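> Dropping the structure in here first, questions after.
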Amino acid sequence: MQKDVDSLYQSLLSCLEQEYIQYQELLKSLEEEALIIKKSSLEHILESNARKEVIVLSLNMAAEMRINAVKELSSQLKFSKPASLTQIIASTNGDIRQNLMDYQEKFAGIINQTKKANENNKNMISFSLSHIRNTFNYINSLIASNQNYDHQGQIKAENLHGRLISQAG
């Protein structure tokens, strides 16, 4: 029985290692994406998106394997439902316990780094879109016959001559 539980712990550690490797690949891809966004090359952006899609699919498969390993271990340890990693850590000791705790810390760290990288990329994309919108509005204002409206047909607040009616209809 103990050998079965030990092999389940080893299986869980192996699944955690695979999942962590995929998270590292995702983080690396997100950090590279920041450079790609700055270059603004559609080809590179599409390649980056395809690469991230493959990584996310691999990450989902690794997570599925981890979930199955946790279910098996929970069943073997007689937990009423699949246990959390914290509960599994509490149920063991020695090297396995330390390895599980190390993975718990590693995952917390890499998930925070991933969130920060995503937020930075989101901000860069928002800034780029804002810059493009402003440039488009400027070009449109140079060629448009009626400069009181932007490219979306909205009334501009600046440079208006005359009165505006503040109510619709």
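Every chain in the structure tokens has a letter given in the order shown (A, B, ...), and although residue numbers restart at 1 in each chain, ligands are simply numbered from 1 in the order shown.
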When you look at segment 48-52 of chain A with a cut-off of 9 Å (counting only C-alpha atoms), what residues show up, excluding the ones that are within fewer than 6 positions of it in the same chain? I need them as a PDB file with N, CA and C atoms, in the first residue's frame.

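The resulting file, out_12.pdb, is reproduced below:
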```
ATOM      1  N   GLU A  25       7.633  28.252 -20.014  1.00  0.00           N
ATOM      2  CA  GLU A  25       7.576  28.525 -21.449  1.00  0.00           C
ATOM      3  C   GLU A  25       6.582  29.648 -21.753  1.00  0.00           C
ATOM      4  N   LEU A  26       5.450  29.636 -21.062  1.00  0.00           N
ATOM      5  CA  LEU A  26       4.453  30.687 -21.257  1.00  0.00           C
ATOM      6  C   LEU A  26       5.015  32.042 -20.837  1.00  0.00           C
ATOM      7  N   SER A  29       7.443  33.252 -23.371  1.00  0.00           N
ATOM      8  CA  SER A  29       6.729  33.718 -24.554  1.00  0.00           C
ATOM      9  C   SER A  29       6.110  35.089 -24.323  1.00  0.00           C
ATOM     10  N   LEU A  30       5.573  35.328 -23.133  1.00  0.00           N
ATOM     11  CA  LEU A  30       4.981  36.627 -22.817  1.00  0.00           C
ATOM     12  C   LEU A  30       6.041  37.724 -22.765  1.00  0.00           C
ATOM     13  N   GLU A  32       8.845  37.682 -24.487  1.00  0.00           N
ATOM     14  CA  GLU A  32       9.234  37.916 -25.872  1.00  0.00           C
ATOM     15  C   GLU A  32       8.160  38.721 -26.604  1.00  0.00           C
ATOM     16  N   GLU A  33       6.925  38.511 -26.206  1.00  0.00           N
ATOM     17  CA  GLU A  33       5.809  39.220 -26.840  1.00  0.00           C
ATOM     18  C   GLU A  33       5.949  40.733 -26.651  1.00  0.00           C
ATOM     19  N   ILE A  36       8.016  41.923 -29.370  1.00  0.00           N
ATOM     20  CA  ILE A  36       7.294  41.801 -30.633  1.00  0.00           C
ATOM     21  C   ILE A  36       6.280  42.924 -30.782  1.00  0.00           C
TER      22      ILE A  36
END
```
> Could you pull the residues within 12 Å of Lys115 of chain A, counting only C-alpha atoms, minus those fewer than 5 positions along the same chain, as a ChimeraX atom specification?
/A:23,26-27,30-31,108-110,120-122
> List every residue of segment 49-72 of chain A that has an atom at most 12 Å from any atom of segment 10-14 of chain A, and for each one report the closest atom pair and its distance in Å to one decimal, counting only C-alpha atoms, with rows sorted by chain and then by increasing residue number, as a Markdown table.

```
| residue | atom | partner | partner_atom | distance |
| --- | --- | --- | --- | --- |
| A:Ala62 | CA | A:Ser14 | CA | 9.8 |
| A:Ala63 | CA | A:Leu12 | CA | 10.7 |
| A:Glu64 | CA | A:Leu12 | CA | 11.4 |
| A:Met65 | CA | A:Leu12 | CA | 8.4 |
| A:Arg66 | CA | A:Leu12 | CA | 6.2 |
| A:Ile67 | CA | A:Leu12 | CA | 8.8 |
| A:Asn68 | CA | A:Leu12 | CA | 8.8 |
| A:Ala69 | CA | A:Leu12 | CA | 5.4 |
| A:Val70 | CA | A:Leu12 | CA | 6.8 |
| A:Lys71 | CA | A:Leu12 | CA | 10.0 |
| A:Glu72 | CA | A:Leu12 | CA | 9.5 |
```
> Compare A:Ser74, A:Thr114, A:Ser80, A:Ser91 by their minimum atom-to-atom distance to Gln22 of chain A, counting only C-alpha atoms, and give me the closest one.
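Checking each of A:Ser74, A:Thr114, A:Ser80, A:Ser91 against Gln22 of chain A, counting only C-alpha atoms, the winner is A:Thr114.
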> Please run DSSP on the backbone and report, as a ChimeraX atom specification, all residues within segment 7-157 of chain A that come out as helix (DSSP H, G or I).
/A:7-39,42-76,85-90,94-143
